[in-house]
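Undergrad: My file is upload39.cif. It has mmCIF, C-alpha atoms and all ligand atoms:
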data_upload
#
loop_
_atom_site.label_atom_id
_atom_site.label_comp_id
_atom_site.auth_asym_id
_atom_site.auth_seq_id
_atom_site.Cartn_x
_atom_site.Cartn_y
_atom_site.Cartn_z
CA MET F 1 41.07 23.03 -71.45
CA ARG F 2 43.58 24.50 -73.88
CA LYS F 3 45.33 22.27 -76.40
CA LEU F 4 49.00 21.56 -75.76
CA ILE F 5 51.76 23.26 -77.75
CA VAL F 6 55.25 21.78 -77.47
CA ALA F 7 58.22 23.91 -78.53
CA ASN F 8 61.02 21.64 -79.76
CA TRP F 9 64.06 23.90 -80.06
CA LYS F 10 66.24 21.03 -81.33
CA SER F 11 69.93 22.08 -81.26
CA ASN F 12 69.13 25.80 -80.92
CA PRO F 13 69.76 28.59 -79.97
CA LYS F 14 73.51 29.20 -79.96
CA ASN F 15 73.96 30.40 -76.38
CA LEU F 16 72.34 30.61 -72.98
CA SER F 17 71.36 34.26 -73.09
CA GLU F 18 69.45 33.70 -76.34
CA ALA F 19 67.80 30.65 -74.79
CA ILE F 20 66.65 32.65 -71.77
CA LYS F 21 65.29 35.40 -74.01
CA LEU F 22 63.43 32.88 -76.16
CA ALA F 23 62.04 31.14 -73.09
CA GLY F 24 60.68 34.43 -71.76
CA ALA F 25 58.90 35.05 -75.06
CA SER F 26 57.45 31.51 -75.11
CA ASP F 27 56.23 31.33 -71.53
CA PHE F 28 52.53 30.56 -71.96
CA LYS F 29 50.12 28.22 -70.20
CA ASN F 30 49.70 24.73 -71.66
CA VAL F 31 53.01 25.07 -73.43
CA VAL F 32 56.00 22.77 -73.05
CA ILE F 33 59.41 24.28 -73.81
CA ALA F 34 62.01 21.67 -74.77
CA PRO F 35 65.48 23.30 -74.97
CA PRO F 36 68.78 21.45 -75.46
CA TYR F 37 70.15 19.84 -72.26
CA PRO F 38 72.70 22.58 -71.39
CA TYR F 39 69.92 25.18 -71.09
CA LEU F 40 67.39 23.11 -69.16
CA GLU F 41 68.20 24.36 -65.68
CA GLN F 42 68.29 28.07 -66.54
CA VAL F 43 65.25 27.93 -68.81
CA GLY F 44 63.43 26.13 -66.00
CA LYS F 45 64.25 29.01 -63.66
CA HIS F 46 62.98 31.61 -66.09
CA ILE F 47 59.56 30.19 -66.95
CA ARG F 48 56.45 30.55 -64.81
CA ARG F 49 53.56 29.38 -66.95
CA ALA F 50 55.09 26.89 -69.38
CA SER F 51 56.34 23.42 -68.45
CA LEU F 52 59.88 22.24 -69.00
CA GLY F 53 60.56 19.41 -71.45
CA ALA F 54 63.65 17.48 -72.54
CA GLN F 55 64.26 16.35 -76.12
CA ASN F 56 65.67 12.98 -75.12
CA VAL F 57 66.62 10.82 -72.15
CA PHE F 58 68.55 7.62 -71.49
CA PHE F 59 66.89 4.37 -70.49
CA GLU F 60 69.14 3.42 -67.58
CA ASN F 61 68.74 5.47 -64.44
CA GLY F 62 72.38 6.50 -63.95
CA GLY F 63 75.62 4.53 -64.09
CA PRO F 64 78.53 4.11 -66.52
CA TYR F 65 76.88 5.59 -69.64
CA THR F 66 79.14 8.27 -71.07
CA GLY F 67 77.27 11.21 -72.51
CA GLU F 68 73.83 10.08 -71.42
CA VAL F 69 71.33 11.84 -69.18
CA SER F 70 69.07 9.90 -66.81
CA VAL F 71 65.40 10.24 -65.96
CA SER F 72 66.23 11.20 -62.35
CA GLN F 73 68.63 13.91 -63.49
CA LEU F 74 65.84 15.37 -65.62
CA ARG F 75 63.40 15.18 -62.72
CA HIS F 76 65.81 17.06 -60.48
CA LEU F 77 65.90 19.88 -63.03
CA LYS F 78 62.09 20.12 -62.77
CA VAL F 79 61.59 18.60 -66.19
CA THR F 80 58.04 17.22 -66.51
CA TYR F 81 57.91 16.18 -70.19
CA VAL F 82 60.27 14.22 -72.36
CA ILE F 83 60.18 13.81 -76.14
CA VAL F 84 61.00 10.23 -77.11
CA GLY F 85 61.55 8.68 -80.53
CA HIS F 86 61.85 11.83 -82.59
CA SER F 87 62.52 10.89 -86.20
CA GLU F 88 65.74 12.92 -86.25
CA ARG F 89 67.09 10.69 -83.48
CA ARG F 90 65.85 7.53 -85.17
CA LYS F 91 67.55 8.59 -88.39
CA ASN F 92 70.74 10.35 -87.25
CA LEU F 93 71.48 8.52 -84.00
CA GLY F 94 70.28 5.06 -84.93
CA GLU F 95 67.66 5.04 -82.21
CA THR F 96 65.74 1.78 -82.43
CA ASP F 97 62.19 0.87 -81.41
CA GLU F 98 63.68 -1.25 -78.64
CA MET F 99 65.64 1.69 -77.23
CA ILE F 100 62.56 3.87 -77.51
CA SER F 101 60.43 1.39 -75.64
CA LYS F 102 63.00 1.27 -72.84
CA LYS F 103 63.14 5.08 -72.69
CA ILE F 104 59.36 5.23 -72.38
CA ARG F 105 59.37 2.68 -69.57
CA ALA F 106 62.14 4.46 -67.64
CA SER F 107 60.43 7.84 -68.02
CA LEU F 108 56.96 6.70 -66.98
CA LYS F 109 58.47 4.95 -63.99
CA VAL F 110 59.64 8.25 -62.50
CA GLY F 111 56.46 10.10 -63.45
CA LEU F 112 57.66 12.03 -66.50
CA ASN F 113 55.09 12.79 -69.20
CA VAL F 114 56.24 11.12 -72.40
CA LEU F 115 55.63 12.52 -75.86
CA LEU F 116 56.30 9.64 -78.22
CA CYS F 117 56.86 10.69 -81.84
CA VAL F 118 55.69 8.43 -84.64
CA GLY F 119 55.19 8.98 -88.36
CA GLU F 120 55.80 7.49 -91.74
CA ASP F 121 58.43 8.40 -94.36
CA TRP F 122 57.56 9.65 -97.82
CA ASP F 123 58.20 6.30 -99.51
CA THR F 124 55.40 4.89 -97.37
CA ARG F 125 53.03 7.82 -97.67
CA ARG F 126 53.40 7.80 -101.46
CA LYS F 127 51.64 4.46 -101.44
CA GLY F 128 48.64 6.03 -99.71
CA ILE F 129 47.10 6.56 -96.31
CA VAL F 130 46.42 2.84 -95.74
CA ALA F 131 50.15 2.08 -96.01
CA ALA F 132 50.93 5.03 -93.73
CA LYS F 133 48.47 3.78 -91.10
CA LYS F 134 50.02 0.35 -91.19
CA PHE F 135 53.48 1.87 -90.71
CA VAL F 136 52.37 3.97 -87.75
CA ALA F 137 50.47 1.08 -86.11
CA ASN F 138 53.57 -1.06 -86.39
CA GLN F 139 55.75 1.67 -84.90
CA LEU F 140 53.36 2.09 -81.96
CA LYS F 141 53.30 -1.64 -81.35
CA LYS F 142 57.10 -1.86 -81.25
CA ASP F 143 57.71 1.36 -79.32
CA LEU F 144 55.18 0.47 -76.66
CA ALA F 145 56.22 -3.16 -76.33
CA GLY F 146 56.60 -3.99 -72.67
CA ASN F 147 54.84 -0.84 -71.54
CA ARG F 148 51.88 -2.35 -69.82
CA LYS F 149 50.63 0.94 -68.48
CA ARG F 150 50.07 2.42 -71.93
CA GLY F 151 46.80 3.89 -73.09
CA ALA F 152 43.77 4.37 -70.92
CA GLY F 153 45.69 3.50 -67.78
CA ASN F 154 48.34 6.10 -68.28
CA ARG F 155 47.50 9.74 -68.89
CA LYS F 156 51.21 10.50 -68.95
CA LEU F 157 51.78 8.98 -72.36
CA LEU F 158 51.08 11.30 -75.28
CA ILE F 159 51.70 10.74 -78.96
CA ALA F 160 52.92 13.19 -81.60
CA TYR F 161 52.00 12.20 -85.12
CA GLU F 162 54.81 13.63 -87.22
CA PRO F 163 54.92 12.50 -90.82
CA VAL F 164 58.70 12.45 -91.33
CA TRP F 165 58.48 14.04 -94.78
CA ALA F 166 56.69 17.09 -93.31
CA ILE F 167 59.30 17.83 -90.62
CA GLY F 168 61.37 20.91 -91.36
CA ALA F 169 60.03 20.77 -94.89
CA GLY F 170 58.06 24.00 -94.86
CA LYS F 171 55.16 21.93 -96.12
CA ALA F 172 52.82 20.39 -93.58
CA ASP F 173 50.48 17.45 -94.01
CA SER F 174 46.88 18.43 -94.72
CA ALA F 175 44.82 19.03 -91.59
CA LYS F 176 42.21 16.59 -92.83
CA THR F 177 44.60 13.68 -93.46
CA SER F 178 46.50 14.19 -90.23
CA ALA F 179 43.18 14.29 -88.34
CA GLU F 180 42.28 10.98 -89.99
CA MET F 181 45.61 9.47 -88.94
CA ILE F 182 45.22 10.82 -85.42
CA SER F 183 41.77 9.31 -85.02
CA PHE F 184 43.26 6.02 -86.24
CA ILE F 185 45.98 6.28 -83.56
CA LYS F 186 43.33 6.98 -80.93
CA LYS F 187 41.57 3.75 -81.85
CA ILE F 188 44.78 1.88 -81.02
CA LEU F 189 45.59 3.92 -77.95
CA ASP F 190 43.28 5.97 -75.74
CA THR F 191 45.48 9.03 -75.34
CA LYS F 192 46.10 12.59 -76.46
CA VAL F 193 47.64 12.93 -79.92
CA LEU F 194 49.38 16.04 -81.25
CA TYR F 195 50.31 16.87 -84.84
CA GLY F 196 53.87 17.89 -85.76
CA GLY F 197 55.63 18.76 -89.02
CA SER F 198 56.00 22.31 -90.36
CA VAL F 199 53.37 23.83 -88.09
CA ASN F 200 53.59 27.61 -88.41
CA ALA F 201 51.68 30.81 -87.73
CA LYS F 202 49.72 30.42 -90.95
CA ASN F 203 48.60 26.80 -90.76
CA ALA F 204 48.32 26.26 -86.98
CA ALA F 205 44.61 27.14 -86.83
CA ALA F 206 43.75 24.57 -89.51
CA PHE F 207 45.23 21.78 -87.36
CA LEU F 208 44.07 23.05 -83.99
CA ARG F 209 40.48 23.54 -85.09
CA GLN F 210 40.23 19.79 -85.73
CA GLY F 211 38.43 18.36 -82.73
CA GLY F 212 40.57 15.22 -82.61
CA ILE F 213 43.96 16.97 -82.76
CA ASP F 214 44.98 17.69 -79.18
CA GLY F 215 47.84 20.09 -79.88
CA ALA F 216 50.99 20.66 -81.89
CA LEU F 217 54.67 19.85 -81.74
CA VAL F 218 56.43 22.86 -83.20
CA GLY F 219 60.05 22.93 -84.38
CA SER F 220 61.40 25.84 -86.41
CA ALA F 221 58.44 28.17 -85.75
CA SER F 222 59.11 27.86 -82.02
CA LEU F 223 62.43 29.65 -82.54
CA ASP F 224 60.69 32.78 -83.80
CA PRO F 225 58.80 34.54 -80.96
CA LYS F 226 56.39 36.29 -83.34
CA SER F 227 55.40 33.05 -85.08
CA PHE F 228 55.18 31.16 -81.81
CA LYS F 229 52.93 33.81 -80.27
CA ALA F 230 50.64 33.63 -83.31
CA ILE F 231 50.41 29.83 -82.88
CA ILE F 232 49.47 30.30 -79.22
CA LYS F 233 46.85 32.87 -80.21
CA ALA F 234 45.37 30.41 -82.71
CA ARG F 235 45.45 27.66 -80.08
CA ASP F 236 43.66 29.79 -77.51
CA SER F 237 40.60 29.99 -79.73
CA PHE F 238 40.17 26.19 -79.74
CA ARG F 239 39.62 24.05 -76.66
CA VAL F 240 39.99 20.30 -76.25
P1 LIG F 301 59.27 21.53 -87.69
O1 LIG F 301 59.75 20.42 -86.67
O2 LIG F 301 58.12 22.27 -87.04
O3 LIG F 301 60.45 22.39 -87.91
O4 LIG F 301 58.82 20.82 -88.93
C1 LIG F 301 58.82 19.67 -85.93
C2 LIG F 301 59.53 18.61 -85.15
O5 LIG F 301 60.50 18.04 -85.65
O6 LIG F 301 59.17 18.31 -84.01
#
Spell out the structure here as structure tokens.

TA:
Amino acid sequence: MRKLIVANWKSNPKNLSEAIKLAGASDFKNVVIAPPYPYLEQVGKHIRRASLGAQNVFFENGGPYTGEVSVSQLRHLKVTYVIVGHSERRKNLGETDEMISKKIRASLKVGLNVLLCVGEDWDTRRKGIVAAKKFVANQLKKDLAGNRKRGAGNRKLLIAYEPVWAIGAGKADSAKTSAEMISFIKKILDTKVLYGGSVNAKNAAAFLRQGGIDGALVGSASLDPKSFKAIIKARDSFRV
């Protein structure tokens, strides 16, 4: 089976026609395209091979929650994946581990595949890999609190290891260290684990050739069709 590549468009592109164009150029098998909410429906209609993902979701399934989008609403738009706990949301929106754990529960309940993002900041990583592992283990424990179905029992929960300092930095973690962290995560949780943080056309192969790395979460490079295609090409030479 091919490894999974998730395109996280973040708050891009600027309009629907660009989104549709980008979706067409990113429509490959074993790819998840995660556009901003306003483009979900149209992007969903324009893709045939890729799956549709959302970048966030709310933890209550409908009701008086201004500005929030529910798991059922996502399901009705044919969304099958949801990214939860991205560090940009933790940092800029004050998303807490408790909120994240509720989002995971609500999403799994309706059958959405969850991609939970975890990863340490630079202050932690500076102290070494042992400190980073401790940080990530703690995050997993808190984010998965109350989710009894986690791990072996639930194939719908995936993890993205994204060292925060490597996101949008143009400088990725080393393939070797991230593979070490990912195998550590797999000891805690029997699930697929992707790497994310400045994955691009040049370094994708180094990550994807690691047996334990099950795919990549790609931000900025997913906005450039040429780079994204090169990542898919690299991916297609390595199987899980
Ligand atoms: P990046 O983003 O590839 O631009 O570093 C990855 C992410 O935030 O998911």

Undergrad: Have a look at F:Ile167, F:Met1, F:Ile20, F:Leu116 and name the one nearest to ligand LIG 301 (chain F); count only C-alpha atoms and all ligand atoms.

TA: F:Ile167

Undergrad: Please list as a list in words every residue within 12 Å of Glu180 of chain F, counting all atoms listed in the file and excluding residues in the same chain fewer than 6 positions away.

TA: Ile129, Val130, Ala132, Lys133, Tyr161, Asp173, Ser174, Lys186, Lys187, Val193, Tyr195, Phe207, Gln210, Gly211, Gly212 and Ile213 of chain F

Undergrad: Take the residues from that selection and write them out as a PDB file, keeping the file's coordinate frame, keeping C-alpha atoms.

TA:
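In the end it all went to result-v2.pdb:
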ATOM      1  CA  ILE F 129      47.100   6.560 -96.310  1.00  0.00           C
ATOM      2  CA  VAL F 130      46.420   2.840 -95.740  1.00  0.00           C
ATOM      3  CA  ALA F 132      50.930   5.030 -93.730  1.00  0.00           C
ATOM      4  CA  LYS F 133      48.470   3.780 -91.100  1.00  0.00           C
ATOM      5  CA  TYR F 161      52.000  12.200 -85.120  1.00  0.00           C
ATOM      6  CA  ASP F 173      50.480  17.450 -94.010  1.00  0.00           C
ATOM      7  CA  SER F 174      46.880  18.430 -94.720  1.00  0.00           C
ATOM      8  CA  LYS F 186      43.330   6.980 -80.930  1.00  0.00           C
ATOM      9  CA  LYS F 187      41.570   3.750 -81.850  1.00  0.00           C
ATOM     10  CA  VAL F 193      47.640  12.930 -79.920  1.00  0.00           C
ATOM     11  CA  TYR F 195      50.310  16.870 -84.840  1.00  0.00           C
ATOM     12  CA  PHE F 207      45.230  21.780 -87.360  1.00  0.00           C
ATOM     13  CA  GLN F 210      40.230  19.790 -85.730  1.00  0.00           C
ATOM     14  CA  GLY F 211      38.430  18.360 -82.730  1.00  0.00           C
ATOM     15  CA  GLY F 212      40.570  15.220 -82.610  1.00  0.00           C
ATOM     16  CA  ILE F 213      43.960  16.970 -82.760  1.00  0.00           C
TER      17      ILE F 213
END

Undergrad: Would you list the contacts of segment 55-59 of chain F as a count of residues only, taking every protein, DNA or RNA residue within 7 Å and counting all atoms listed in the file, but skipping same-chain residues closer than 2 positions in sequence?

TA: 14

Undergrad: Within 10 Å of ligand LIG 301 (chain F), counting all atoms listed in the file: which residues, as number ranges by chain?

TA: F: 6-10, 55, 83, 86-88, 117, 160-172, 195-200, 216-223

Undergrad: What lies within 10 Å of Lys233 of chain F using all atoms listed in the file, ignoring chain neighbours under 4 positions off, as a short mmCIF file (atom, residue, chain, number, x, y, z; two decimals) with C-alpha atoms, keeping the file's coordinate frame?

TA:
data_model
loop_
_atom_site.label_atom_id
_atom_site.label_comp_id
_atom_site.auth_asym_id
_atom_site.auth_seq_id
_atom_site.Cartn_x
_atom_site.Cartn_y
_atom_site.Cartn_z
CA ALA F 201 51.68 30.81 -87.73
CA ALA F 204 48.32 26.26 -86.98
CA ALA F 205 44.61 27.14 -86.83
CA SER F 227 55.40 33.05 -85.08
CA PHE F 228 55.18 31.16 -81.81
CA LYS F 229 52.93 33.81 -80.27
CA SER F 237 40.60 29.99 -79.73
CA PHE F 238 40.17 26.19 -79.74
#

Undergrad: From the set F:Ala23, F:Ala137, F:Leu158, F:Leu115, which residue has the shortest atom-to-atom contact distance to Phe184 of chain F, counting all atoms listed in the file?

TA: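 With all atoms listed in the file as the atom set, the closest residue is F:Ala137.
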
Undergrad: To one decimal place in Å, what is the distance between atom CA of Arg75 of chain F and atom CA of Lys14 of chain F?

TA: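 Atom-to-atom, atom CA of Arg75 of chain F and atom CA of Lys14 of chain F are spaced 24.4 Å apart.
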
Undergrad: Take atom CA of Leu40 of chain F and atom CA of Arg2 of chain F and report the distance between them in Å, one decimal.

TA: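 Distance between the two atoms: 24.3 Å.
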
Undergrad: Hey, can you check how far atom CA of Leu16 of chain F sits from atom CA of Gly85 of chain F?

TA: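 Between these atoms lies a distance of 25.6 Å.
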
Undergrad: Would you please work out which residue, of F:Lys192, F:Leu140, F:Asp224, F:Leu4, is nearest to Phe28 of chain F when using all atoms listed in the file?

TA: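 Going through F:Lys192, F:Leu140, F:Asp224, F:Leu4 one by one, the smallest distance to Phe28 of chain F is for F:Leu4.
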
Undergrad: Specify the axis-aligned box that encloses all atoms of segment 155-172 of chain F listed in the file after padding of 5 Å on each side, stating its centre and edge lengths in Å to one decimal as AutoDock Vina command-line options.

TA:
--center_x 54.4 --center_y 16.5 --center_z -82.5 --size_x 23.9 --size_y 25.0 --size_z 37.2

Undergrad: Tell me which of F:Val32, F:Ile100, F:Val43, F:Leu93 sits closest to Asn15 of chain F, counting only C-alpha atoms.

TA: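 Nearest candidate to Asn15 of chain F out of F:Val32, F:Ile100, F:Val43, F:Leu93: F:Val43.
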
Undergrad: Using all atoms listed in the file, pick whichever of F:Arg105, F:Arg89, F:Arg209, F:Lys134 has the shortest atom-to-atom distance to Lys156 of chain F.

TA: F:Arg105
